[in-house]
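Student: File follows, input_18.txt with compact mmCIF, C-alpha atoms and all ligand atoms:
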# COMPACT_ATOMS: atom_id res chain seq x y z
CA MET A 21 113.34 95.60 98.73
CA PHE A 22 112.53 94.82 102.31
CA ILE A 23 110.79 96.44 105.27
CA LYS A 24 112.96 97.17 108.27
CA HIS A 25 110.34 98.42 110.64
CA LEU A 26 106.56 98.59 110.90
CA SER A 27 104.65 100.87 113.29
CA LEU A 28 100.91 100.78 113.73
CA ALA A 29 98.65 103.10 115.67
CA ASN A 30 94.95 102.33 116.03
CA PHE A 31 95.00 99.97 113.09
CA ARG A 32 92.40 97.13 113.36
CA ASN A 33 92.98 95.47 116.76
CA TYR A 34 96.37 97.16 117.30
CA GLU A 35 96.43 100.15 119.60
CA ASN A 36 100.16 100.51 119.11
CA ALA A 37 102.69 98.12 117.65
CA GLU A 38 106.39 98.39 116.81
CA VAL A 39 107.78 95.49 114.82
CA ALA A 40 111.38 95.21 113.64
CA LEU A 41 111.48 93.02 110.55
CA GLU A 42 114.35 91.30 108.85
CA PRO A 43 115.17 90.52 105.27
CA GLY A 44 114.30 86.92 104.44
CA VAL A 45 111.40 85.12 106.08
CA ASN A 46 109.44 86.60 109.00
CA LEU A 47 106.84 84.25 110.43
CA PHE A 48 103.86 85.42 112.52
CA VAL A 49 102.26 82.73 114.62
CA GLY A 50 99.31 82.83 117.00
CA PRO A 51 95.82 81.50 117.60
CA ASN A 52 92.87 82.61 115.45
CA GLY A 53 91.67 86.19 115.66
CA GLN A 54 94.77 87.65 117.33
CA GLY A 55 95.93 90.07 114.61
CA LYS A 56 98.26 88.15 112.27
CA THR A 57 96.34 89.00 109.13
CA ASN A 58 95.75 92.54 110.36
CA LEU A 59 99.50 93.07 110.57
CA VAL A 60 100.26 92.03 107.00
CA GLU A 61 97.09 93.72 105.75
CA ALA A 62 98.57 97.01 106.98
CA ILE A 63 101.63 96.54 104.78
CA ARG A 64 99.56 95.51 101.80
CA TYR A 65 97.30 98.51 102.29
CA LEU A 66 100.19 100.94 102.41
CA SER A 67 101.59 99.54 99.16
CA THR A 68 98.39 99.20 97.11
CA LEU A 69 95.72 101.23 98.94
CA SER A 70 93.59 98.11 98.85
CA SER A 71 92.94 95.24 101.22
CA HIS A 72 92.19 91.59 100.56
CA ARG A 73 89.34 91.71 103.04
CA VAL A 74 87.37 94.92 102.62
CA SER A 75 86.75 97.42 99.88
CA GLY A 76 86.60 100.59 101.98
CA TYR A 77 89.14 101.57 104.62
CA LEU A 78 86.95 102.49 107.60
CA PRO A 79 87.06 98.94 109.03
CA LEU A 80 90.84 99.39 109.26
CA ILE A 81 90.51 102.09 111.93
CA ARG A 82 90.48 100.57 115.39
CA HIS A 83 87.00 100.19 116.76
CA ALA A 84 86.79 101.56 120.31
CA GLN A 85 84.75 103.75 122.62
CA PRO A 86 85.02 106.71 122.41
CA GLU A 87 85.30 106.55 118.64
CA ILE A 88 88.80 106.77 117.15
CA ASP A 89 89.22 109.02 114.13
CA GLN A 90 92.59 108.03 112.76
CA ALA A 91 94.77 105.00 112.11
CA ILE A 92 98.42 105.26 111.15
CA ILE A 93 100.60 102.79 109.25
CA ARG A 94 104.30 103.64 109.18
CA VAL A 95 106.92 101.65 107.33
CA LEU A 96 110.68 102.02 107.05
CA ALA A 97 111.56 100.43 103.74
CA HIS A 98 115.01 99.64 102.44
CA HIS A 99 116.13 99.29 98.85
CA ASP A 100 119.41 99.79 97.03
CA SER A 101 121.22 100.89 100.21
CA ARG A 102 118.65 103.60 100.88
CA ASP A 103 115.88 103.92 103.47
CA ALA A 104 112.46 105.45 102.86
CA LEU A 105 110.07 106.35 105.67
CA LEU A 106 106.47 106.06 104.55
CA GLU A 107 103.48 107.03 106.58
CA LEU A 108 99.82 106.62 105.75
CA GLU A 109 97.08 108.26 107.79
CA LEU A 110 93.59 106.79 107.51
CA ASN A 111 91.07 109.38 108.62
CA ARG A 112 87.46 108.71 109.49
CA HIS A 113 86.19 112.19 108.59
CA THR A 114 88.76 113.74 106.27
CA PRO A 115 90.67 112.45 103.22
CA ASN A 116 93.51 110.02 103.86
CA ARG A 117 97.03 111.45 103.69
CA ALA A 118 100.51 110.21 102.93
CA ARG A 119 103.84 111.43 104.21
CA ILE A 120 107.08 110.44 102.55
CA ASN A 121 110.41 110.92 104.34
CA LYS A 122 108.82 113.36 106.77
CA ALA A 123 107.94 115.84 104.03
CA ASN A 124 104.65 117.70 104.17
CA SER A 125 101.73 115.36 103.86
CA SER A 126 100.09 114.83 100.49
CA ARG A 127 97.34 112.80 98.83
CA ALA A 128 97.23 109.16 99.93
CA ARG A 129 97.94 107.89 96.44
CA ASP A 130 101.33 109.64 96.37
CA ILE A 131 102.56 106.79 98.55
CA LEU A 132 102.21 104.27 95.71
CA GLY A 133 105.41 103.07 94.09
CA TYR A 134 107.62 103.14 97.19
CA VAL A 135 106.76 99.75 98.61
CA ASN A 136 105.56 96.91 96.40
CA THR A 137 103.91 93.81 97.78
CA VAL A 138 102.40 90.66 96.41
CA THR A 139 99.95 88.88 98.72
CA PHE A 140 98.82 85.31 98.41
CA ALA A 141 95.86 84.42 100.63
CA PRO A 142 92.97 81.94 100.66
CA GLU A 143 90.73 84.71 99.27
CA ASP A 144 92.71 84.45 96.03
CA LEU A 145 90.71 81.36 95.09
CA ASP A 146 87.97 83.88 94.28
CA ILE A 147 90.11 85.22 91.42
CA VAL A 148 89.83 81.85 89.71
CA LYS A 149 86.35 80.79 90.81
CA LYS A 150 84.20 83.85 91.29
CA ASP A 151 83.06 87.02 89.56
CA PRO A 152 84.76 89.24 86.99
CA SER A 153 85.19 91.91 89.69
CA ASN A 154 87.65 89.65 91.55
CA ARG A 155 89.75 89.29 88.39
CA ARG A 156 89.58 93.00 87.61
CA ASP A 157 90.76 93.76 91.14
CA PHE A 158 93.69 91.39 90.67
CA ILE A 159 94.93 92.97 87.45
CA ASP A 160 94.21 96.53 88.61
CA GLU A 161 96.17 96.10 91.85
CA LEU A 162 99.12 94.91 89.80
CA LEU A 163 98.72 97.72 87.27
CA ILE A 164 98.74 100.35 90.02
CA GLN A 165 102.00 98.96 91.38
CA VAL A 166 103.62 98.84 87.95
CA SER A 167 102.35 102.32 87.02
CA PRO A 168 101.21 104.25 90.10
CA ARG A 169 99.71 107.03 87.97
CA PHE A 170 96.88 104.62 87.14
CA ALA A 171 95.52 105.09 90.66
CA GLY A 172 94.49 108.55 89.41
CA VAL A 173 93.06 107.19 86.17
CA PHE A 174 90.87 104.72 88.07
CA THR A 175 89.62 107.47 90.38
CA ASP A 176 88.80 109.65 87.38
CA TYR A 177 87.06 106.83 85.54
CA GLU A 178 84.96 105.89 88.56
CA ARG A 179 83.94 109.51 89.09
CA VAL A 180 82.86 109.95 85.47
CA LEU A 181 81.04 106.61 85.55
CA ARG A 182 79.07 107.61 88.64
CA GLN A 183 78.12 110.98 87.21
CA ARG A 184 77.18 109.50 83.86
CA ASN A 185 75.00 106.88 85.55
CA THR A 186 73.23 109.61 87.51
CA LEU A 187 72.59 111.48 84.29
CA LEU A 188 71.26 108.35 82.57
CA ARG A 189 68.90 107.70 85.46
CA THR A 190 67.64 111.29 85.37
CA ALA A 191 67.17 111.08 81.61
CA ARG A 192 65.21 107.87 82.07
CA GLN A 193 62.89 109.48 84.61
CA THR A 194 62.32 112.76 82.81
CA GLY A 195 62.48 111.39 79.28
CA ALA A 196 65.62 112.11 77.24
CA LYS A 197 65.57 115.71 76.09
CA GLY A 198 67.96 117.81 74.04
CA THR A 199 69.98 119.33 76.87
CA SER A 200 70.55 116.16 78.87
CA LEU A 201 71.62 114.37 75.71
CA SER A 202 74.27 116.96 74.92
CA THR A 203 75.54 116.73 78.52
CA LEU A 204 75.70 113.00 78.02
CA ASP A 205 77.88 113.49 74.95
CA ALA A 206 80.34 115.49 77.06
CA TRP A 207 80.47 112.77 79.73
CA ASP A 208 80.97 110.18 77.01
CA GLU A 209 84.20 111.83 75.94
CA ASN A 210 85.62 111.65 79.48
CA LEU A 211 84.44 108.09 79.89
CA ILE A 212 86.18 107.17 76.64
CA LYS A 213 89.37 109.00 77.59
CA PHE A 214 89.92 107.37 81.01
CA GLY A 215 88.27 104.06 80.16
CA SER A 216 90.37 103.48 77.05
CA GLU A 217 93.58 104.07 78.98
CA ILE A 218 92.51 101.41 81.46
CA VAL A 219 91.50 98.87 78.82
CA ALA A 220 94.69 99.29 76.79
CA ALA A 221 96.90 99.12 79.90
CA ARG A 222 95.17 95.98 81.19
CA VAL A 223 95.52 94.24 77.83
CA ALA A 224 99.21 95.12 77.62
CA LEU A 225 99.84 94.00 81.21
CA VAL A 226 98.07 90.68 80.64
CA GLU A 227 100.26 90.07 77.63
CA ARG A 228 103.40 90.64 79.67
CA LEU A 229 102.11 88.45 82.48
CA ARG A 230 101.19 85.52 80.22
CA PRO A 231 104.62 83.90 79.74
CA LEU A 232 105.45 84.42 83.44
CA LEU A 233 102.23 82.67 84.39
CA THR A 234 103.04 79.57 82.36
CA GLU A 235 106.46 79.40 83.98
CA ALA A 236 105.08 79.87 87.52
CA TYR A 237 102.29 77.34 87.07
CA GLN A 238 104.64 74.68 85.86
CA ALA A 239 106.96 75.32 88.78
CA ILE A 240 104.29 74.62 91.39
CA ALA A 241 101.85 72.23 89.80
CA ILE A 242 104.25 69.72 88.20
CA ALA A 243 101.60 69.09 85.60
CA ASN A 244 101.77 69.69 81.93
CA ASN A 245 98.42 71.42 81.53
CA GLU A 246 99.04 74.90 80.29
CA PRO A 247 97.46 77.97 81.94
CA ARG A 248 96.56 81.00 79.84
CA ILE A 249 95.34 84.45 80.68
CA LEU A 250 93.35 86.56 78.23
CA MET A 251 91.14 89.63 78.32
CA LYS A 252 87.55 89.89 77.24
CA SER A 253 85.98 93.28 76.71
CA SER A 254 82.49 94.70 76.58
CA LEU A 255 83.82 97.01 73.85
CA MET A 256 84.23 94.12 71.42
CA GLY A 257 81.65 92.39 69.25
CA ALA A 258 77.98 93.08 68.69
CA THR A 259 76.39 91.63 71.82
CA ILE A 260 75.85 93.54 75.03
CA SER A 261 76.12 91.69 78.29
CA GLU A 262 73.14 92.48 80.47
CA ASP A 263 74.86 92.42 83.83
CA ASP A 264 78.25 91.71 85.36
CA ASP A 265 78.25 88.24 83.84
CA ALA A 266 81.00 88.10 81.28
CA GLU A 267 80.03 84.89 79.45
CA SER A 268 79.02 86.68 76.28
CA LEU A 269 82.03 89.02 76.05
CA GLU A 270 84.56 88.74 73.24
CA TYR A 271 88.36 88.60 73.41
CA ILE A 272 90.51 91.67 73.00
CA ASP A 273 94.26 91.76 72.48
CA ASP A 274 97.09 93.93 71.31
CA VAL A 275 95.34 97.30 71.03
CA SER A 276 96.54 100.88 71.28
CA VAL A 277 94.71 103.51 73.33
CA VAL A 278 93.57 105.16 70.09
CA GLU A 279 92.10 101.90 68.83
CA VAL A 280 90.27 101.34 72.11
CA GLU A 281 88.90 104.88 71.96
CA ALA A 282 87.42 104.17 68.52
CA LEU A 283 85.89 100.90 69.73
CA TYR A 284 84.50 102.61 72.82
CA ARG A 285 82.97 105.49 70.86
CA GLY A 286 81.28 103.13 68.41
CA LYS A 287 79.99 100.89 71.16
CA LEU A 288 78.54 103.77 73.18
CA GLN A 289 76.60 104.87 70.13
CA SER A 290 75.15 101.45 69.56
CA VAL A 291 74.06 101.00 73.18
CA ARG A 292 72.83 104.55 73.75
CA SER A 293 69.10 103.76 73.53
CA LYS A 294 69.50 100.70 75.72
CA GLU A 295 71.46 102.69 78.31
CA LEU A 296 68.74 105.36 78.40
CA GLU A 297 66.20 102.60 78.91
CA ARG A 298 68.18 100.95 81.70
CA GLY A 299 69.68 104.07 83.30
CA ILE A 300 73.17 102.59 83.57
CA THR A 301 76.50 102.55 81.69
CA MET A 302 76.66 99.16 80.02
CA VAL A 303 80.09 99.09 78.38
CA GLY A 304 83.62 99.88 79.53
CA PRO A 305 86.40 98.51 81.73
CA HIS A 306 83.96 98.12 84.65
CA ARG A 307 82.23 95.37 82.62
CA ASP A 308 85.33 93.59 81.30
CA ASP A 309 86.82 90.31 82.45
CA LEU A 310 89.99 88.27 82.48
CA VAL A 311 89.68 84.73 81.22
CA LEU A 312 91.81 82.10 82.90
CA LEU A 313 92.16 78.94 80.86
CA LEU A 314 93.68 75.64 81.84
CA SER A 315 94.39 73.41 78.85
CA GLN A 316 91.90 75.40 76.73
CA LEU A 317 89.06 75.15 79.27
CA PRO A 318 87.96 78.01 81.53
CA ALA A 319 89.44 77.45 84.99
CA LYS A 320 86.22 78.86 86.41
CA GLY A 321 83.80 75.95 86.26
CA TYR A 322 86.28 73.31 85.07
CA ALA A 323 89.44 73.36 87.20
CA SER A 324 89.63 71.12 90.25
CA HIS A 325 90.06 72.64 93.70
CA GLY A 326 93.79 71.87 93.71
CA GLU A 327 94.23 73.20 90.19
CA SER A 328 92.41 76.41 91.13
CA TRP A 329 94.79 76.85 94.07
CA SER A 330 97.80 76.33 91.85
CA PHE A 331 96.39 78.79 89.32
CA ALA A 332 95.81 81.47 91.95
CA LEU A 333 99.27 80.95 93.40
CA ALA A 334 100.82 81.04 89.92
CA LEU A 335 99.13 84.39 89.24
CA ARG A 336 100.82 85.79 92.34
CA LEU A 337 104.22 84.26 91.62
CA ALA A 338 104.04 85.63 88.08
CA SER A 339 103.19 89.05 89.58
CA ILE A 340 106.37 88.91 91.66
CA ASN A 341 108.48 88.29 88.59
CA LEU A 342 106.75 91.04 86.66
CA LEU A 343 107.24 93.61 89.45
CA ARG A 344 110.85 92.55 89.88
CA ALA A 345 111.48 93.11 86.16
CA GLU A 346 109.48 96.29 85.67
CA THR A 347 109.76 98.42 88.80
CA ARG A 348 112.65 100.19 90.42
CA SER A 349 112.15 98.62 93.83
CA GLY A 350 113.34 95.12 92.96
CA ASP A 351 111.71 92.17 94.71
CA PRO A 352 108.28 93.03 96.06
CA VAL A 353 107.65 92.01 99.66
CA LEU A 354 105.85 88.68 99.48
CA ILE A 355 103.01 88.14 101.92
CA LEU A 356 101.69 84.60 102.45
CA ASP A 357 98.63 84.94 104.64
CA ASP A 358 97.42 81.68 106.09
CA VAL A 359 98.15 79.56 103.05
CA PHE A 360 100.36 76.75 104.30
CA ALA A 361 97.55 75.09 106.28
CA GLU A 362 95.64 74.62 103.04
CA LEU A 363 98.41 73.03 100.99
CA ASP A 364 99.45 69.38 100.87
CA SER A 365 103.02 68.58 101.87
CA GLY A 366 104.32 68.45 98.28
CA ARG A 367 102.97 71.90 97.48
CA ARG A 368 104.19 73.21 100.85
CA SER A 369 107.78 72.31 100.18
CA ARG A 370 107.67 73.49 96.56
CA LEU A 371 106.24 76.82 97.70
CA ALA A 372 108.94 77.07 100.41
CA GLU A 373 111.57 76.51 97.78
CA LEU A 374 110.09 79.06 95.38
CA VAL A 375 109.80 81.85 97.93
CA SER A 376 113.12 81.32 99.68
CA THR A 377 114.97 83.48 97.14
CA ASN A 378 112.65 86.49 97.55
CA GLU A 379 114.29 89.35 99.42
CA GLN A 380 111.59 89.44 102.11
CA VAL A 381 108.67 87.15 102.86
CA LEU A 382 106.04 87.69 105.56
CA ILE A 383 104.12 84.57 106.54
CA THR A 384 101.19 84.13 108.89
CA ALA A 385 100.07 80.81 110.34
CA ALA A 386 97.87 79.73 113.23
CA VAL A 387 100.03 76.63 113.67
CA GLY A 388 103.77 77.16 113.21
CA GLU A 389 104.33 73.50 112.34
CA ASP A 390 102.26 73.91 109.16
CA VAL A 391 105.09 76.03 107.79
CA PRO A 392 108.10 74.09 106.47
CA SER A 393 110.95 74.24 108.99
CA GLU A 394 113.34 76.07 106.65
CA LEU A 395 110.95 79.05 106.77
CA ARG A 396 110.79 79.18 110.56
CA ALA A 397 113.95 81.20 111.24
CA ARG A 398 112.53 84.51 112.47
CA VAL A 399 109.34 83.88 114.43
CA PHE A 400 106.97 86.35 116.10
CA ASN A 401 104.09 85.54 118.38
CA VAL A 402 100.91 87.51 117.90
CA LYS A 403 98.42 87.70 120.71
CA ALA A 404 95.52 90.12 121.21
CA GLY A 405 97.05 92.85 119.10
CA GLU A 406 100.54 92.50 120.54
CA VAL A 407 103.61 91.19 118.76
CA SER A 408 106.50 89.58 120.63
CA ASP A 409 109.57 87.55 119.75
CA GLY A 410 108.74 83.88 119.47
CA GLU A 411 110.45 80.49 119.63
N1 LIG A 501 88.69 97.91 113.24
C1 LIG A 501 88.90 97.00 114.19
N2 LIG A 501 88.98 97.37 115.50
C2 LIG A 501 89.21 96.47 116.47
N3 LIG A 501 89.36 95.16 116.23
C3 LIG A 501 89.31 94.73 114.96
C4 LIG A 501 89.08 95.62 113.88
N4 LIG A 501 89.07 94.91 112.74
C5 LIG A 501 89.26 93.63 113.09
N5 LIG A 501 89.41 93.51 114.43
C6 LIG A 501 89.64 92.28 115.19
O1 LIG A 501 90.82 91.67 114.75
C7 LIG A 501 90.67 90.26 114.93
C8 LIG A 501 91.05 89.53 113.67
O2 LIG A 501 92.40 89.66 113.49
P1 LIG A 501 93.10 88.88 112.30
O3 LIG A 501 92.19 88.73 111.14
O4 LIG A 501 94.39 89.53 112.08
O5 LIG A 501 93.27 87.46 112.97
P2 LIG A 501 94.32 86.34 112.63
O6 LIG A 501 95.33 86.34 113.73
O7 LIG A 501 94.81 86.48 111.25
O8 LIG A 501 93.40 85.05 112.79
P3 LIG A 501 93.25 83.73 111.88
O9 LIG A 501 94.28 82.77 112.36
O10 LIG A 501 91.88 83.26 112.21
O11 LIG A 501 93.41 84.14 110.46
C9 LIG A 501 89.23 89.97 115.19
O12 LIG A 501 89.11 89.60 116.55
C10 LIG A 501 88.54 91.27 114.92
O13 LIG A 501 87.46 91.48 115.74
MG MG A 502 94.37 85.49 109.49
Would you write out, as structure tokens, the structure that this file holds?

Tutor:
Amino acid sequence: MFIKHLSLANFRNYENAEVALEPGVNLFVGPNGQGKTNLVEAIRYLSTLSSHRVSGYLPLIRHAQPEIDQAIIRVLAHHDSRDALLELELNRHTPNRARINKANSSRARDILGYVNTVTFAPEDLDIVKKDPSNRRDFIDELLIQVSPRFAGVFTDYERVLRQRNTLLRTARQTGAKGTSLSTLDAWDENLIKFGSEIVAARVALVERLRPLLTEAYQAIAIANNEPRILMKSSLMGATISEDDDAESLEYIDDVSVVEVEALYRGKLQSVRSKELERGITMVGPHRDDLVLLLSQLPAKGYASHGESWSFALALRLASINLLRAETRSGDPVLILDDVFAELDSGRRSRLAELVSTNEQVLITAAVGEDVPSELRARVFNVKAGEVSDGE
């Protein structure tokens, strides 16, 4: 698929912008801080309801005096000889809304599944090097694009988790009594229901991603060390990890939802007294982790800087192939935000070669010359929240 047109109103530093895009490569060039990343962030946000820079959405609404209450991202997408007009309203004081082909507006998450994107950005190094939450975000963003209904499952799980934590904290303060414990049992069942769906879906997705990852890594790294991706879960084994540090977790693979439910139920029973003591939910998908291995060693802590880059990039290239194979919208739009400056010339030209077959690629760069010349066909200049034709 590709995006024909992007309109922004009061998004980040854009008051208004109209950008006609083309299939193939579109390159956005301009000095630092002018709005290049903001532009591609808008497209990523519309397709995943998440950003690579912030967790909430309020920073996406243009900051101005007097205060602005609404930002709008509008995209005309094209796939299979059909156009779809997608509009996302980000509202400061009311829930966000989506509008598809000018129909009545609906919940924001109804927009998922129309436009798919895969973004590669310097922040992706965090997937390899940093906390479990970075890796969970990676796999969950992909899961939501493959199966948009999971956006609802995540919302439900997070709601139950919050309420259950509140109940645990209350029970800790007042001392666990009969009534609060039976309420806790009821919350447990919801936690198990939504949480097990997430765990089973992540495990299955990781298994489908694994062969694609090996292929992608070998295509960019020209090295014969083999990358692997595995899941570890707080539902497995006898130990309980004390915080969001996944070192002590055990591997999980090839499980059905029903099997995860049984594991979850058993685990909740065994940690119940500890949870009441601590006032927090200690097991579930919010405590799980992906393990990235390079030649049997964890990439986190062992891989070199260059290897970590290749690993992060391979995760994204594998995601493209997975979305292409499993969704109805064909090639996802590939966004390369500020990555060429960080790559050596060999990796630059290999990346250029790999992405040149994707139906649409959006690239940002502060210095146009950092981008291999074959990718510099359609160039836009970005300056102070305005986009104009370049070169
Ligand atoms: N909500 C907002 N309202 C107004 N301006 C914003 C908002 N959010 C970010 N900005 C401004 O947008 C600018 C950053 O834009 P962006 O990140 O797109 O830059 P860039 O062109 O990608 O730069 P670089 O080359 O450094 O990556 C900053 O000047 C920032 O202050
Ligand atoms: Mg940028």

Student: Any chance you could tabulate, as a Markdown table, the residues of chain A at most 8 Å from ligand MG 502 (chain A) with each one's nearest atom pair and distance in Å to one decimal, using all atoms listed in the file, in chain and rising number order?

Tutor:
| residue | atom | partner | partner_atom | distance |
| --- | --- | --- | --- | --- |
| A:Asn52 | CA | A:MG502 | MG | 6.8 |
| A:Gly53 | CA | A:MG502 | MG | 6.8 |
| A:Gly55 | CA | A:MG502 | MG | 7.0 |
| A:Lys56 | CA | A:MG502 | MG | 5.5 |
| A:Thr57 | CA | A:MG502 | MG | 4.0 |
| A:Asn58 | CA | A:MG502 | MG | 7.2 |
| A:Asp357 | CA | A:MG502 | MG | 6.5 |
| A:Asp358 | CA | A:MG502 | MG | 5.9 |
| A:Thr384 | CA | A:MG502 | MG | 7.0 |
| A:Ala385 | CA | A:MG502 | MG | 7.4 |
| A:Ala386 | CA | A:MG502 | MG | 7.7 |

Student: Write as number ranges by chain the residues around ligand LIG 501 (chain A), taking 10 Å as the cut-off and counting only C-alpha atoms and all ligand atoms.

Tutor: A: 30-35, 48-62, 73, 77-84, 88, 91, 357-359, 384-387, 401-405

Student: Next, dump the selected residues to file, keeping only C-alpha atoms, as an mmCIF file, in the coordinates of the input.

Tutor:
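Everything below was put into again.cif:
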data_model
loop_
_atom_site.group_PDB
_atom_site.id
_atom_site.type_symbol
_atom_site.label_atom_id
_atom_site.label_comp_id
_atom_site.auth_asym_id
_atom_site.auth_seq_id
_atom_site.Cartn_x
_atom_site.Cartn_y
_atom_site.Cartn_z
ATOM 1 C CA ASN A 30 94.950 102.330 116.030
ATOM 2 C CA PHE A 31 95.000 99.970 113.090
ATOM 3 C CA ARG A 32 92.400 97.130 113.360
ATOM 4 C CA ASN A 33 92.980 95.470 116.760
ATOM 5 C CA TYR A 34 96.370 97.160 117.300
ATOM 6 C CA GLU A 35 96.430 100.150 119.600
ATOM 7 C CA PHE A 48 103.860 85.420 112.520
ATOM 8 C CA VAL A 49 102.260 82.730 114.620
ATOM 9 C CA GLY A 50 99.310 82.830 117.000
ATOM 10 C CA PRO A 51 95.820 81.500 117.600
ATOM 11 C CA ASN A 52 92.870 82.610 115.450
ATOM 12 C CA GLY A 53 91.670 86.190 115.660
ATOM 13 C CA GLN A 54 94.770 87.650 117.330
ATOM 14 C CA GLY A 55 95.930 90.070 114.610
ATOM 15 C CA LYS A 56 98.260 88.150 112.270
ATOM 16 C CA THR A 57 96.340 89.000 109.130
ATOM 17 C CA ASN A 58 95.750 92.540 110.360
ATOM 18 C CA LEU A 59 99.500 93.070 110.570
ATOM 19 C CA VAL A 60 100.260 92.030 107.000
ATOM 20 C CA GLU A 61 97.090 93.720 105.750
ATOM 21 C CA ALA A 62 98.570 97.010 106.980
ATOM 22 C CA ARG A 73 89.340 91.710 103.040
ATOM 23 C CA TYR A 77 89.140 101.570 104.620
ATOM 24 C CA LEU A 78 86.950 102.490 107.600
ATOM 25 C CA PRO A 79 87.060 98.940 109.030
ATOM 26 C CA LEU A 80 90.840 99.390 109.260
ATOM 27 C CA ILE A 81 90.510 102.090 111.930
ATOM 28 C CA ARG A 82 90.480 100.570 115.390
ATOM 29 C CA HIS A 83 87.000 100.190 116.760
ATOM 30 C CA ALA A 84 86.790 101.560 120.310
ATOM 31 C CA ILE A 88 88.800 106.770 117.150
ATOM 32 C CA ALA A 91 94.770 105.000 112.110
ATOM 33 C CA ASP A 357 98.630 84.940 104.640
ATOM 34 C CA ASP A 358 97.420 81.680 106.090
ATOM 35 C CA VAL A 359 98.150 79.560 103.050
ATOM 36 C CA THR A 384 101.190 84.130 108.890
ATOM 37 C CA ALA A 385 100.070 80.810 110.340
ATOM 38 C CA ALA A 386 97.870 79.730 113.230
ATOM 39 C CA VAL A 387 100.030 76.630 113.670
ATOM 40 C CA ASN A 401 104.090 85.540 118.380
ATOM 41 C CA VAL A 402 100.910 87.510 117.900
ATOM 42 C CA LYS A 403 98.420 87.700 120.710
ATOM 43 C CA ALA A 404 95.520 90.120 121.210
ATOM 44 C CA GLY A 405 97.050 92.850 119.100
#

Student: Would you mind listing what lies within 12 Å of Pro152 (chain A) as a ChimeraX atom specification, with only C-alpha atoms counted and same-chain residues fewer than 6 positions away left out?

Tutor: /A:146,158-159,251-254,263-267,269,305-312,320

Student: Do you have the CA of Tyr284 (chain A)-CA of Ile212 (chain A) distance handy?

Tutor: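 Those two atoms sit 6.2 Å apart.
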
Student: Select, from A:Leu188, A:Val138, A:Leu145, A:Leu110, the residue with the minimum atom-to-atom distance to Ile383 (chain A), counting only C-alpha atoms.

Tutor: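 Among A:Leu188, A:Val138, A:Leu145, A:Leu110, it is A:Val138 that comes nearest to Ile383 (chain A).
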
Student: Quick check, in Å to one decimal: how far apart do CA of Leu132 (chain A) and CA of Leu106 (chain A) lie?

Tutor: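 Computed distance, CA of Leu132 (chain A) to CA of Leu106 (chain A), equals 10.0 Å.
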
Student: So, counting only C-alpha atoms, which residue among A:Phe140, A:Phe400, A:Tyr322, A:Trp207 is closest to Leu337 (chain A)?

Tutor: A:Phe140

Student: Closest to Leu374 (chain A) among A:Glu217, A:Asp100, A:Glu235, A:Glu42, using all atoms listed in the file?

Tutor: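 Using all atoms listed in the file, the shortest distance to Leu374 (chain A) belongs to A:Glu235.
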
Student: Find, counting only C-alpha atoms, the residue in A:Val95, A:Met21, A:Ala171, A:Leu26 that gets nearest to Leu69 (chain A).

Tutor: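 Result for the nearest residue to Leu69 (chain A): A:Ala171.
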
Student: Listed atoms of region 40-46 of chain A, axis-aligned box, 8 Å per side: centre and edge lengths to one decimal in Å, as JSON?

Tutor:
{"center_x": 112.3, "center_y": 90.2, "center_z": 109.0, "size_x": 21.7, "size_y": 26.1, "size_z": 25.2}

Student: Quick one: residues within 6 Å of (106.9, 84.7, 118.2) (file frame), counting all atoms listed in the file, please, as a list in words.

Tutor: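 Every polymer residue passing the test: Val399, Phe400, Asn401, Ser408, Asp409, Gly410 and Glu411 of chain A.
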
Student: Could you state the separation of CA of Gly195 (chain A) and CA of Glu295 (chain A) in Å, given to one decimal place?

Tutor: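 That distance, rounded to one decimal, is 12.5 Å.
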
Student: Calculated over all atoms listed in the file, which of the candidates A:Ala239, A:Val135, A:Ala221, A:Ala123 has the smallest distance to Asp160 (chain A)?

Tutor: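 Of A:Ala239, A:Val135, A:Ala221, A:Ala123, the one nearest Asp160 (chain A) is A:Ala221, counting all atoms listed in the file.
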
Student: Restricting the calculation to all atoms listed in the file, which member of A:Ser393, A:Asn185, A:Val381, A:Ala241 is positioned closest to Leu41 (chain A)?

Tutor: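 Going through A:Ser393, A:Asn185, A:Val381, A:Ala241 one by one, the smallest distance to Leu41 (chain A) is for A:Val381.
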
Student: Which residues are close to Ala191 (chain A), i.e. within 12 Å by only C-alpha atoms, leaving aside same-chain residues fewer than 3 positions away? Reply as a list of chain:residue names.

Tutor: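 Answer for this query is A:Arg184, A:Asn185, A:Thr186, A:Leu187, A:Leu188, A:Thr194, A:Gly195, A:Ala196, A:Lys197, A:Gly198, A:Thr199, A:Ser200, A:Leu201, A:Ser202, A:Thr203, A:Leu204, A:Arg292, A:Ser293, A:Glu295, A:Leu296, A:Glu297, A:Arg298, A:Gly299, A:Ile300.
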
Student: Leaving out Leu255 (chain A) and any residue of its chain fewer than 2 positions from it, which residues lie within 8 Å of it when counting only C-alpha atoms, given as a PyMOL selection string?

Tutor: chain A and resi 253+257+280+283-284+287+303-304

Student: Counting all atoms listed in the file, note down every residue that has an atom within 12 Å of the point (103.3, 72.9, 99.6) (file coordinates), as number ranges by chain.

Tutor: A: 239-242, 326, 329-330, 333, 359-375, 390-392
